[in-house]
$ cat protein26.txt   # compact mmCIF, C-alpha atoms and all ligand atoms
# COMPACT_ATOMS: atom_id res chain seq x y z
CA MET A 35 -13.79 14.55 1.05
CA SER A 36 -14.85 10.89 1.10
CA PHE A 37 -12.61 7.98 2.11
CA ASN A 38 -12.31 6.88 -1.46
CA THR A 39 -10.12 9.16 -3.57
CA ILE A 40 -10.20 7.14 -6.80
CA GLU A 41 -12.72 9.46 -8.51
CA ALA A 42 -11.01 12.66 -7.36
CA ASN A 43 -7.66 11.42 -8.69
CA ARG A 44 -9.17 10.26 -11.96
CA ARG A 45 -10.94 13.60 -12.51
CA ALA A 46 -7.90 15.71 -11.67
CA ALA A 47 -5.81 13.47 -13.96
CA HIS A 48 -2.52 14.93 -12.74
CA PHE A 49 0.34 13.73 -14.97
CA ALA A 50 -1.95 11.55 -17.08
CA ASP A 51 -0.74 13.34 -20.24
CA ARG A 52 2.89 12.27 -19.80
CA ASP A 53 4.57 9.37 -21.62
CA GLN A 54 6.67 8.70 -18.53
CA LEU A 55 6.88 10.27 -15.10
CA TRP A 56 8.68 9.94 -11.79
CA LEU A 57 6.69 8.72 -8.79
CA PHE A 58 8.11 9.43 -5.34
CA GLY A 59 7.34 6.76 -2.72
CA TYR A 60 7.89 7.31 1.01
CA GLY A 61 5.83 4.55 2.69
CA SER A 62 4.95 1.11 1.41
CA LEU A 63 6.02 2.29 -2.02
CA ILE A 64 9.63 2.22 -0.78
CA TYR A 65 9.71 -1.44 0.22
CA LYS A 66 7.02 -2.90 -2.06
CA ALA A 67 6.59 -1.53 -5.55
CA GLY A 68 4.15 -4.18 -6.74
CA PHE A 69 4.29 -2.86 -10.34
CA ASP A 70 6.68 -2.78 -13.25
CA TYR A 71 8.83 0.32 -13.47
CA ILE A 72 11.42 1.54 -15.94
CA GLU A 73 13.96 2.66 -13.38
CA ARG A 74 14.21 3.15 -9.62
CA ARG A 75 16.41 5.63 -7.76
CA PRO A 76 16.72 6.75 -4.13
CA ALA A 77 15.59 10.36 -3.83
CA THR A 78 14.47 13.03 -1.37
CA ILE A 79 11.85 15.74 -1.30
CA THR A 80 12.30 18.92 0.70
CA GLY A 81 9.69 20.69 2.82
CA TRP A 82 7.86 17.51 3.84
CA GLN A 83 8.17 14.99 6.65
CA ARG A 84 6.87 11.44 6.95
CA ARG A 85 4.26 10.90 9.67
CA PHE A 86 2.16 7.90 10.76
CA TRP A 87 -0.89 10.15 10.88
CA GLN A 88 -3.10 8.50 8.25
CA GLY A 89 -5.69 5.88 9.13
CA SER A 90 -5.80 2.68 7.11
CA HIS A 91 -9.21 1.09 6.73
CA ASP A 92 -8.40 -0.94 3.67
CA HIS A 93 -4.83 -2.26 3.92
CA ARG A 94 -3.48 -2.42 7.48
CA GLY A 95 -6.70 -2.06 9.43
CA THR A 96 -10.47 -2.13 9.01
CA PRO A 97 -13.16 0.59 9.12
CA ASP A 98 -13.93 -0.38 12.73
CA ALA A 99 -10.30 -0.66 13.80
CA PRO A 100 -8.11 1.42 11.48
CA GLY A 101 -4.39 0.96 11.39
CA ARG A 102 -1.87 3.75 10.96
CA VAL A 103 0.19 4.31 7.83
CA ALA A 104 2.50 7.01 6.54
CA THR A 105 1.61 10.27 4.90
CA LEU A 106 3.58 13.47 4.37
CA VAL A 107 3.02 16.72 6.23
CA GLU A 108 4.51 20.07 5.32
CA ALA A 109 7.60 21.04 7.31
CA PRO A 110 9.69 23.88 5.91
CA GLY A 111 13.31 22.81 5.49
CA ALA A 112 12.69 19.13 6.32
CA VAL A 113 14.07 16.51 3.96
CA CYS A 114 12.20 13.24 3.44
CA ALA A 115 14.03 10.26 1.95
CA GLY A 116 12.21 7.86 -0.32
CA MET A 117 12.35 5.93 -3.55
CA ALA A 118 11.60 7.35 -6.99
CA TYR A 119 10.22 5.14 -9.76
CA LEU A 120 10.11 6.05 -13.43
CA ILE A 121 6.71 4.80 -14.56
CA THR A 122 4.14 5.11 -17.35
CA PRO A 123 0.67 6.61 -16.75
CA ASP A 124 -1.10 3.31 -17.43
CA LEU A 125 -0.21 2.48 -13.81
CA PHE A 126 -2.57 5.13 -12.46
CA GLY A 127 -5.45 2.64 -12.28
CA TYR A 128 -3.37 0.39 -10.03
CA LEU A 129 -1.85 3.23 -7.98
CA ASP A 130 -5.11 5.16 -7.47
CA HIS A 131 -6.74 1.95 -6.25
CA ARG A 132 -3.85 1.11 -3.93
CA GLU A 133 -3.79 4.64 -2.48
CA LYS A 134 -7.58 5.11 -2.49
CA ASN A 135 -7.99 5.50 1.28
CA GLY A 136 -7.48 9.27 1.35
CA TYR A 137 -4.41 9.86 -0.84
CA LEU A 138 -4.40 12.41 -3.66
CA ARG A 139 -1.87 12.91 -6.42
CA PHE A 140 0.36 15.97 -5.91
CA ALA A 141 3.24 17.39 -7.90
CA ALA A 142 6.63 17.09 -6.20
CA ASP A 143 10.13 18.26 -6.92
CA MET A 144 12.43 15.38 -6.08
CA THR A 145 16.21 15.29 -5.86
CA PHE A 146 17.92 12.05 -6.78
CA ASP A 147 20.66 10.93 -4.41
CA ASP A 148 23.16 11.10 -7.27
CA GLY A 149 22.36 14.73 -8.14
CA PRO A 150 19.70 15.88 -10.59
CA HIS A 151 16.14 17.01 -9.89
CA ALA A 152 12.86 15.96 -11.47
CA GLN A 153 9.31 17.19 -11.21
CA GLY A 154 7.12 14.20 -10.47
CA LEU A 155 4.20 12.80 -8.56
CA VAL A 156 3.59 11.83 -4.95
CA TYR A 157 0.48 10.46 -3.24
CA ILE A 158 -0.30 12.41 -0.05
CA ALA A 159 -3.17 12.01 2.41
CA THR A 160 -4.01 15.48 3.78
CA PRO A 161 -5.86 16.37 7.01
CA GLN A 162 -9.01 16.98 4.94
CA ASN A 163 -9.54 13.28 4.22
CA GLU A 164 -11.93 11.33 6.43
CA ALA A 165 -9.43 8.62 7.30
CA TRP A 166 -7.00 11.17 8.78
CA LEU A 167 -5.96 10.44 12.39
CA GLY A 168 -3.32 13.07 13.07
CA ASP A 169 -0.66 13.36 15.72
CA ALA A 170 -0.33 11.18 18.81
CA PRO A 171 2.55 10.17 21.09
CA ALA A 172 4.90 7.56 19.61
CA SER A 173 3.79 5.03 22.26
CA ALA A 174 0.10 5.48 21.34
CA ILE A 175 0.85 5.16 17.62
CA ALA A 176 2.87 2.00 18.33
CA HIS A 177 0.03 0.51 20.40
CA GLN A 178 -2.43 1.11 17.60
CA ILE A 179 -0.05 -0.39 15.07
CA ALA A 180 0.65 -3.40 17.31
CA HIS A 181 -3.04 -4.26 17.45
CA SER A 182 -4.13 -3.54 13.87
CA GLN A 183 -4.33 -5.69 10.83
CA GLY A 184 -6.19 -5.63 7.55
CA PRO A 185 -6.40 -7.27 4.12
CA SER A 186 -2.75 -6.44 3.34
CA GLY A 187 -1.51 -7.91 6.60
CA ALA A 188 -0.37 -6.82 10.04
CA ASN A 189 0.17 -3.12 10.57
CA ARG A 190 3.41 -3.93 12.44
CA ASP A 191 4.86 -5.38 9.23
CA TYR A 192 4.24 -2.10 7.38
CA LEU A 193 6.15 -0.21 10.09
CA LEU A 194 8.99 -2.72 10.39
CA ASN A 195 9.41 -3.11 6.63
CA LEU A 196 9.54 0.65 6.23
CA ALA A 197 12.07 1.09 9.06
CA GLU A 198 14.26 -1.66 7.60
CA ALA A 199 14.08 -0.17 4.09
CA LEU A 200 15.01 3.28 5.42
CA ARG A 201 18.01 1.83 7.26
CA ALA A 202 19.10 0.01 4.11
CA MET A 203 19.06 3.39 2.34
CA ASP A 204 21.00 5.04 5.20
CA ALA A 205 18.03 7.33 5.74
CA ALA A 206 17.49 8.57 9.29
CA ASP A 207 13.89 9.16 10.36
CA THR A 208 13.46 9.61 14.11
CA HIS A 209 9.64 9.57 13.87
CA VAL A 210 9.66 6.12 12.27
CA PHE A 211 12.50 4.75 14.42
CA ASP A 212 10.92 6.02 17.67
CA ILE A 213 7.63 4.27 16.85
CA GLU A 214 9.57 1.15 15.88
CA ALA A 215 11.38 1.18 19.25
CA GLU A 216 8.03 1.55 21.07
CA LEU A 217 6.59 -1.35 19.07
CA ARG A 218 9.56 -3.55 19.99
CA ARG A 219 9.01 -2.65 23.66
CA ILE A 220 5.33 -3.58 23.40
CA GLU A 221 6.17 -6.86 21.69
CA ARG A 222 8.69 -7.70 24.41
CA GLY A 223 5.84 -7.24 26.88
CA MET A 224 7.35 -4.15 28.47
CA SER A 225 4.33 -1.86 28.08
C1 LIG B 301 3.82 5.94 -0.43
O1 LIG B 301 4.36 4.90 -0.06
O2 LIG B 301 4.43 6.76 -1.16
C2 LIG B 301 2.41 6.28 -0.09
C3 LIG B 301 1.91 5.70 1.19
C4 LIG B 301 1.85 4.21 1.19
O3 LIG B 301 1.33 3.62 0.22
O4 LIG B 301 2.31 3.59 2.15
$ encode --input "protein26.txt" --output "structure tokens"
Amino acid sequence: MSFNTIEANRRAAHFADRDQLWLFGYGSLIYKAGFDYIERRPATITGWQRRFWQGSHDHRGTPDAPGRVATLVEAPGAVCAGMAYLITPDLFGYLDHREKNGYLRFAADMTFDDGPHAQGLVYIATPQNEAWLGDAPASAIAHQIAHSQGPSGANRDYLLNLAEALRAMDAADTHVFDIEAELRRIERGMS
């Protein structure tokens, strides 16, 4: 699959026939919507965990020096906290462009923090996409993040904004918080 997933998402047209739908955000979509939504509610999805395993050539890095951003990987029983937005399908142009560096639209069952479930949409970058980087020690991920930046800004800001937003939601995520701690160490000149 090519870097650019705009065409694949447009062709598959998942959820394009709905009047309204829920979008689950777990990365930058938690702390920066950047679009108008009808309603926003904290939510979780089960069976997935957040990982900084996706390369970013277009937002927080460049093709020559990719940054690292969040994607979801399957993990039976795991619960991933995020933010759900009730949106209209006319936002797909904006969202597909924003998530074009490897992310595809998938169906997700999300549970709102105050109870009910909804079937909705989530953008996930899978290992089949060419920007995929995969696993690495937290210290190596933090080093890469510390030294990357792209058109949307410094990669460190993506990580720190996400960690702060998760804390504000009382959501624990050791993967994110471990990388954040490593980044702080690097920035204090300790490694
Ligand atoms: C998301 O936030 O749901 C997708 C990944 C990102 O845009 O950071």
$ closest_residue --input "protein26.txt" --among "A:Asp98, A:Glu73, A:Asp143, A:Glu41" --to "A:Ser182" --atoms "only C-alpha atoms"
A:Asp98
$ atom_distance --input "protein26.txt" --atom1 "atom CA of A:Ser173" --atom2 "atom CA of A:Trp82"
22.6 Å
$ closest_atom_pairs --input "protein26.txt" --of "chain A" --to "ligand LIG 301 (chain B)" --cutoff "7 Å" --atoms "only C-alpha atoms and all ligand atoms" --output "Markdown table"
| residue | atom | partner | partner_atom | distance |
| --- | --- | --- | --- | --- |
| A:Phe58 | CA | B:LIG301 | O2 | 6.2 |
| A:Gly59 | CA | B:LIG301 | O2 | 3.3 |
| A:Tyr60 | CA | B:LIG301 | O2 | 4.1 |
| A:Gly61 | CA | B:LIG301 | O1 | 3.1 |
| A:Ser62 | CA | B:LIG301 | O4 | 3.7 |
| A:Leu63 | CA | B:LIG301 | O1 | 3.7 |
| A:Ile64 | CA | B:LIG301 | O1 | 6.0 |
| A:Val103 | CA | B:LIG301 | O4 | 6.1 |
| A:Ala104 | CA | B:LIG301 | C3 | 5.5 |
| A:Thr105 | CA | B:LIG301 | C3 | 5.9 |
| A:Glu133 | CA | B:LIG301 | O3 | 5.9 |
| A:Val156 | CA | B:LIG301 | O2 | 6.4 |
| A:Tyr157 | CA | B:LIG301 | C2 | 5.6 |
| A:Ile158 | CA | B:LIG301 | C2 | 6.7 |
$ write_last_selection --input "protein26.txt" --atoms "C-alpha atoms" --output "CSV table (one decimal), in the frame of the given file"
chain,number,residue,atom,x,y,z
A,58,PHE,CA,8.1,9.4,-5.3
A,59,GLY,CA,7.3,6.8,-2.7
A,60,TYR,CA,7.9,7.3,1.0
A,61,GLY,CA,5.8,4.6,2.7
A,62,SER,CA,5.0,1.1,1.4
A,63,LEU,CA,6.0,2.3,-2.0
A,64,ILE,CA,9.6,2.2,-0.8
A,103,VAL,CA,0.2,4.3,7.8
A,104,ALA,CA,2.5,7.0,6.5
A,105,THR,CA,1.6,10.3,4.9
A,133,GLU,CA,-3.8,4.6,-2.5
A,156,VAL,CA,3.6,11.8,-5.0
A,157,TYR,CA,0.5,10.5,-3.2
A,158,ILE,CA,-0.3,12.4,0.0
$ atom_distance --input "protein26.txt" --atom1 "atom CA of A:Glu214" --atom2 "atom CA of A:Met117"
20.2 Å
$ residues_around --input "protein26.txt" --residues "A:Thr160" --least-positions-apart "4" --cutoff "10 Å" --atoms "all atoms listed in the file" --output "list in words"
Trp87, Gln88, Thr105, Leu106, Val107, Glu108, Gly136, Tyr137, Leu138, Glu164, Ala165, Trp166 and Gly168 of chain A
$ residues_near_point --input "protein26.txt" --point "(15.1, 2.5, 5.2)" --cutoff "10 Å" --atoms "all atoms listed in the file" --output "mmCIF file with C-alpha atoms, keeping the file's coordinate frame"
data_model
loop_
_atom_site.group_PDB
_atom_site.id
_atom_site.type_symbol
_atom_site.label_atom_id
_atom_site.label_comp_id
_atom_site.auth_asym_id
_atom_site.auth_seq_id
_atom_site.Cartn_x
_atom_site.Cartn_y
_atom_site.Cartn_z
ATOM 1 C CA TYR A 60 7.890 7.310 1.010
ATOM 2 C CA GLY A 61 5.830 4.550 2.690
ATOM 3 C CA ILE A 64 9.630 2.220 -0.780
ATOM 4 C CA TYR A 65 9.710 -1.440 0.220
ATOM 5 C CA ALA A 115 14.030 10.260 1.950
ATOM 6 C CA GLY A 116 12.210 7.860 -0.320
ATOM 7 C CA MET A 117 12.350 5.930 -3.550
ATOM 8 C CA LEU A 194 8.990 -2.720 10.390
ATOM 9 C CA ASN A 195 9.410 -3.110 6.630
ATOM 10 C CA LEU A 196 9.540 0.650 6.230
ATOM 11 C CA ALA A 197 12.070 1.090 9.060
ATOM 12 C CA GLU A 198 14.260 -1.660 7.600
ATOM 13 C CA ALA A 199 14.080 -0.170 4.090
ATOM 14 C CA LEU A 200 15.010 3.280 5.420
ATOM 15 C CA ARG A 201 18.010 1.830 7.260
ATOM 16 C CA ALA A 202 19.100 0.010 4.110
ATOM 17 C CA MET A 203 19.060 3.390 2.340
ATOM 18 C CA ASP A 204 21.000 5.040 5.200
ATOM 19 C CA ALA A 205 18.030 7.330 5.740
ATOM 20 C CA ALA A 206 17.490 8.570 9.290
ATOM 21 C CA ASP A 207 13.890 9.160 10.360
ATOM 22 C CA VAL A 210 9.660 6.120 12.270
ATOM 23 C CA PHE A 211 12.500 4.750 14.420
#
$ residues_around --input "protein26.txt" --residues "A:Ala99" --least-positions-apart "4" --cutoff "10 Å" --atoms "all atoms listed in the file" --output "JSON list (two decimals) with C-alpha atoms, in the frame of the given file"
[["chain", "number", "residue", "atom", "x", "y", "z"],
["A", 89, "GLY", "CA", -5.69, 5.88, 9.13],
["A", 90, "SER", "CA", -5.80, 2.68, 7.11],
["A", 91, "HIS", "CA", -9.21, 1.09, 6.73],
["A", 94, "ARG", "CA", -3.48, -2.42, 7.48],
["A", 95, "GLY", "CA", -6.70, -2.06, 9.43],
["A", 178, "GLN", "CA", -2.43, 1.11, 17.60],
["A", 181, "HIS", "CA", -3.04, -4.26, 17.45],
["A", 182, "SER", "CA", -4.13, -3.54, 13.87],
["A", 183, "GLN", "CA", -4.33, -5.69, 10.83],
["A", 184, "GLY", "CA", -6.19, -5.63, 7.55]]
$ closest_residue --input "protein26.txt" --among "A:Arg75, A:Lys66, A:His131, A:Arg44" --to "A:Met144" --atoms "only C-alpha atoms"
A:Arg75
$ residues_around --input "protein26.txt" --residues "A:Ala170" --least-positions-apart "5" --cutoff "10 Å" --atoms "all atoms listed in the file" --output "list in words"
Phe86, Trp87, Ile175 and Ala176 of chain A
$ residues_around --input "protein26.txt" --residues "A:Pro123" --least-positions-apart "6" --cutoff "8 Å" --atoms "all atoms listed in the file" --output "MDAnalysis selection string"
chainID A and resid 49:55
$ closest_residue --input "protein26.txt" --among "A:Ile179, A:Cys114, A:Ala67, A:Ala46" --to "A:Gln83" --atoms "only C-alpha atoms"
A:Cys114
$ closest_residue --input "protein26.txt" --among "A:Thr78, A:Asn189, A:Thr122, A:Gln162" --to "A:Thr145" --atoms "only C-alpha atoms"
A:Thr78
$ atom_distance --input "protein26.txt" --atom1 "atom CA of A:Ala152" --atom2 "atom CA of A:Phe140"
13.7 Å
$ closest_residue --input "protein26.txt" --among "A:Asp212, A:Ala77, A:Tyr192, A:Leu167" --to "A:Pro150" --atoms "all atoms listed in the file"
A:Ala77
